[in-house]
Amino acid sequence: MSEPRIVAREPMVMDLEPGSYWWCACGRSAKHPFCDGSHKDLGIQPVRFEVTGKRTVALCQCKATGKPPFCDGSHAALHGS
């Protein structure tokens with residue numbers, strides 16, 4: 001299995017409409033933070049999540065979160081932050 005690629009050392013804060021989303025867990029998507037299928041053959045699967053009402057979310061970009069797809073502050077402990 002490949003290691004996920006760190007996209008950024010801070011979350012992506014964005015407003016989302018209600019619906020289903022696929023969060024990129026590999027860090028290789030051209031549509032980050034959403035999956036575009038780039039994980040194929042990496043052994044890393046995207047994470048599906050639901051938004052039930054319009055809301056602001058902080059999506060992890062460092063791929064170290066313990067609560068995917070949401071940021072839990074794990075980026076603060078990464079080297080080079």
# chains A, B, ... in the order shown; residues from 1 in each chain; ligands from 1
$ select_by_dssp --residues "chain A" --states "strand (DSSP E)" --output "PDB file with N, CA and C atoms, in the first residue's frame"
ATOM      1  N   MET A  12      -8.930  22.302   4.659  1.00  0.00           N
ATOM      2  CA  MET A  12      -9.648  23.085   3.659  1.00  0.00           C
ATOM      3  C   MET A  12     -11.032  23.361   4.238  1.00  0.00           C
ATOM      4  N   VAL A  13     -11.284  24.612   4.523  1.00  0.00           N
ATOM      5  CA  VAL A  13     -12.569  25.009   5.086  1.00  0.00           C
ATOM      6  C   VAL A  13     -13.461  25.441   3.929  1.00  0.00           C
ATOM      7  N   MET A  14     -14.648  24.840   3.867  1.00  0.00           N
ATOM      8  CA  MET A  14     -15.556  25.138   2.759  1.00  0.00           C
ATOM      9  C   MET A  14     -17.002  24.917   3.164  1.00  0.00           C
ATOM     10  N   ASP A  15     -17.895  25.575   2.454  1.00  0.00           N
ATOM     11  CA  ASP A  15     -19.334  25.387   2.647  1.00  0.00           C
ATOM     12  C   ASP A  15     -19.797  24.287   1.709  1.00  0.00           C
ATOM     13  N   LEU A  16     -20.545  23.335   2.237  1.00  0.00           N
ATOM     14  CA  LEU A  16     -21.078  22.246   1.418  1.00  0.00           C
ATOM     15  C   LEU A  16     -22.591  22.217   1.496  1.00  0.00           C
ATOM     16  N   GLY A  19     -25.800  16.489   0.683  1.00  0.00           N
ATOM     17  CA  GLY A  19     -25.522  15.467  -0.317  1.00  0.00           C
ATOM     18  C   GLY A  19     -24.457  14.502   0.146  1.00  0.00           C
ATOM     19  N   SER A  20     -24.079  13.595  -0.750  1.00  0.00           N
ATOM     20  CA  SER A  20     -23.028  12.606  -0.507  1.00  0.00           C
ATOM     21  C   SER A  20     -21.753  13.064  -1.181  1.00  0.00           C
ATOM     22  N   TYR A  21     -20.645  12.877  -0.502  1.00  0.00           N
ATOM     23  CA  TYR A  21     -19.344  13.291  -1.016  1.00  0.00           C
ATOM     24  C   TYR A  21     -18.339  12.170  -0.795  1.00  0.00           C
ATOM     25  N   TRP A  22     -17.312  12.141  -1.623  1.00  0.00           N
ATOM     26  CA  TRP A  22     -16.196  11.198  -1.482  1.00  0.00           C
ATOM     27  C   TRP A  22     -14.923  12.011  -1.262  1.00  0.00           C
ATOM     28  N   TRP A  23     -14.343  11.885  -0.067  1.00  0.00           N
ATOM     29  CA  TRP A  23     -13.128  12.593   0.303  1.00  0.00           C
ATOM     30  C   TRP A  23     -11.910  11.812  -0.173  1.00  0.00           C
ATOM     31  N   VAL A  47     -13.118   8.148   1.282  1.00  0.00           N
ATOM     32  CA  VAL A  47     -14.073   8.070   2.384  1.00  0.00           C
ATOM     33  C   VAL A  47     -15.356   8.774   1.967  1.00  0.00           C
ATOM     34  N   ARG A  48     -16.450   8.044   2.024  1.00  0.00           N
ATOM     35  CA  ARG A  48     -17.760   8.618   1.701  1.00  0.00           C
ATOM     36  C   ARG A  48     -18.309   9.281   2.958  1.00  0.00           C
ATOM     37  N   PHE A  49     -18.873  10.484   2.794  1.00  0.00           N
ATOM     38  CA  PHE A  49     -19.526  11.144   3.920  1.00  0.00           C
ATOM     39  C   PHE A  49     -20.753  11.895   3.438  1.00  0.00           C
ATOM     40  N   GLU A  50     -21.671  12.108   4.364  1.00  0.00           N
ATOM     41  CA  GLU A  50     -22.946  12.754   4.078  1.00  0.00           C
ATOM     42  C   GLU A  50     -23.010  14.113   4.764  1.00  0.00           C
ATOM     43  N   VAL A  51     -23.598  15.055   4.072  1.00  0.00           N
ATOM     44  CA  VAL A  51     -23.914  16.348   4.655  1.00  0.00           C
ATOM     45  C   VAL A  51     -25.436  16.458   4.595  1.00  0.00           C
ATOM     46  N   ARG A  55     -23.652  23.348   5.477  1.00  0.00           N
ATOM     47  CA  ARG A  55     -22.793  23.652   6.615  1.00  0.00           C
ATOM     48  C   ARG A  55     -21.356  23.881   6.176  1.00  0.00           C
ATOM     49  N   THR A  56     -20.602  24.501   7.059  1.00  0.00           N
ATOM     50  CA  THR A  56     -19.183  24.730   6.842  1.00  0.00           C
ATOM     51  C   THR A  56     -18.428  23.565   7.458  1.00  0.00           C
ATOM     52  N   VAL A  57     -17.487  23.002   6.700  1.00  0.00           N
ATOM     53  CA  VAL A  57     -16.686  21.868   7.172  1.00  0.00           C
ATOM     54  C   VAL A  57     -15.208  22.202   7.022  1.00  0.00           C
ATOM     55  N   ALA A  58     -14.382  21.530   7.827  1.00  0.00           N
ATOM     56  CA  ALA A  58     -12.925  21.629   7.718  1.00  0.00           C
ATOM     57  C   ALA A  58     -12.434  20.244   7.326  1.00  0.00           C
ATOM     58  N   LEU A  59     -12.091  20.062   6.056  1.00  0.00           N
ATOM     59  CA  LEU A  59     -11.671  18.766   5.536  1.00  0.00           C
ATOM     60  C   LEU A  59     -10.154  18.633   5.630  1.00  0.00           C
TER      61      LEU A  59
END
$ select_by_dssp --residues "chain A" --states "helix (DSSP H, G or I)" --output "CSV table (one decimal) with N, CA and C atoms, in the first residue's frame"
chain,number,residue,atom,x,y,z
A,74,SER,N,-4.4,17.1,13.7
A,74,SER,CA,-3.2,16.2,13.6
A,74,SER,C,-2.1,16.9,12.8
A,75,HIS,N,-2.4,17.8,11.9
A,75,HIS,CA,-1.4,18.4,11.1
A,75,HIS,C,-0.4,19.2,11.9
A,76,ALA,N,-0.8,19.6,13.1
A,76,ALA,CA,0.1,20.4,14.0
A,76,ALA,C,1.3,19.6,14.5
A,77,ALA,N,1.2,18.2,14.5
A,77,ALA,CA,2.2,17.4,14.9
A,77,ALA,C,3.1,16.9,13.8
$ residues_around --residues "region 63-67 of chain A" --least-positions-apart "2" --cutoff "12 Å" --atoms "only C-alpha atoms" --output "PyMOL selection string"
chain A and resi 3-12+23-28+32-33+44+46-47+49+58-61+69-79
$ atom_distance --atom1 "CA of Glu17 (chain A)" --atom2 "CA of His39 (chain A)"
24.8 Å
$ atom_distance --atom1 "CA of Gly53 (chain A)" --atom2 "CA of Ser38 (chain A)"
28.3 Å
$ decode --residues "region 2-19 of chain A" --atoms "N, CA and C atoms" --output "PDB file, in the first residue's frame"
ATOM      1  N   SER A   2       0.546   2.209  -0.797  1.00  0.00           N
ATOM      2  CA  SER A   2       1.244   3.479  -0.855  1.00  0.00           C
ATOM      3  C   SER A   2       0.861   4.351   0.328  1.00  0.00           C
ATOM      4  N   GLU A   3       1.730   5.288   0.649  1.00  0.00           N
ATOM      5  CA  GLU A   3       1.432   6.269   1.685  1.00  0.00           C
ATOM      6  C   GLU A   3       0.617   7.398   1.073  1.00  0.00           C
ATOM      7  N   PRO A   4      -0.321   7.972   1.841  1.00  0.00           N
ATOM      8  CA  PRO A   4      -1.054   9.112   1.318  1.00  0.00           C
ATOM      9  C   PRO A   4      -0.127  10.321   1.160  1.00  0.00           C
ATOM     10  N   ARG A   5      -0.422  11.142   0.204  1.00  0.00           N
ATOM     11  CA  ARG A   5       0.353  12.348  -0.069  1.00  0.00           C
ATOM     12  C   ARG A   5      -0.253  13.519   0.719  1.00  0.00           C
ATOM     13  N   ILE A   6       0.578  14.253   1.428  1.00  0.00           N
ATOM     14  CA  ILE A   6       0.134  15.446   2.146  1.00  0.00           C
ATOM     15  C   ILE A   6      -0.116  16.538   1.113  1.00  0.00           C
ATOM     16  N   VAL A   7      -1.324  17.053   1.089  1.00  0.00           N
ATOM     17  CA  VAL A   7      -1.690  18.111   0.149  1.00  0.00           C
ATOM     18  C   VAL A   7      -1.363  19.474   0.764  1.00  0.00           C
ATOM     19  N   ALA A   8      -1.673  19.635   2.045  1.00  0.00           N
ATOM     20  CA  ALA A   8      -1.401  20.872   2.773  1.00  0.00           C
ATOM     21  C   ALA A   8      -1.379  20.556   4.261  1.00  0.00           C
ATOM     22  N   ARG A   9      -0.770  21.436   5.034  1.00  0.00           N
ATOM     23  CA  ARG A   9      -0.675  21.233   6.471  1.00  0.00           C
ATOM     24  C   ARG A   9      -1.704  22.069   7.232  1.00  0.00           C
ATOM     25  N   GLU A  10      -2.814  22.325   6.570  1.00  0.00           N
ATOM     26  CA  GLU A  10      -3.957  22.965   7.205  1.00  0.00           C
ATOM     27  C   GLU A  10      -5.216  22.432   6.530  1.00  0.00           C
ATOM     28  N   PRO A  11      -6.360  22.488   7.227  1.00  0.00           N
ATOM     29  CA  PRO A  11      -7.588  21.967   6.626  1.00  0.00           C
ATOM     30  C   PRO A  11      -8.099  22.865   5.512  1.00  0.00           C
ATOM     31  N   MET A  12      -8.930  22.302   4.659  1.00  0.00           N
ATOM     32  CA  MET A  12      -9.648  23.085   3.659  1.00  0.00           C
ATOM     33  C   MET A  12     -11.032  23.361   4.238  1.00  0.00           C
ATOM     34  N   VAL A  13     -11.284  24.612   4.523  1.00  0.00           N
ATOM     35  CA  VAL A  13     -12.569  25.009   5.086  1.00  0.00           C
ATOM     36  C   VAL A  13     -13.461  25.441   3.929  1.00  0.00           C
ATOM     37  N   MET A  14     -14.648  24.840   3.867  1.00  0.00           N
ATOM     38  CA  MET A  14     -15.556  25.138   2.759  1.00  0.00           C
ATOM     39  C   MET A  14     -17.002  24.917   3.164  1.00  0.00           C
ATOM     40  N   ASP A  15     -17.895  25.575   2.454  1.00  0.00           N
ATOM     41  CA  ASP A  15     -19.334  25.387   2.647  1.00  0.00           C
ATOM     42  C   ASP A  15     -19.797  24.287   1.709  1.00  0.00           C
ATOM     43  N   LEU A  16     -20.545  23.335   2.237  1.00  0.00           N
ATOM     44  CA  LEU A  16     -21.078  22.246   1.418  1.00  0.00           C
ATOM     45  C   LEU A  16     -22.591  22.217   1.496  1.00  0.00           C
ATOM     46  N   GLU A  17     -23.188  21.895   0.387  1.00  0.00           N
ATOM     47  CA  GLU A  17     -24.630  21.700   0.295  1.00  0.00           C
ATOM     48  C   GLU A  17     -24.950  20.278   0.742  1.00  0.00           C
ATOM     49  N   PRO A  18     -26.199  19.996   1.112  1.00  0.00           N
ATOM     50  CA  PRO A  18     -26.578  18.633   1.468  1.00  0.00           C
ATOM     51  C   PRO A  18     -26.284  17.663   0.329  1.00  0.00           C
ATOM     52  N   GLY A  19     -25.800  16.489   0.683  1.00  0.00           N
ATOM     53  CA  GLY A  19     -25.522  15.467  -0.317  1.00  0.00           C
ATOM     54  C   GLY A  19     -24.457  14.502   0.146  1.00  0.00           C
TER      55      GLY A  19
END
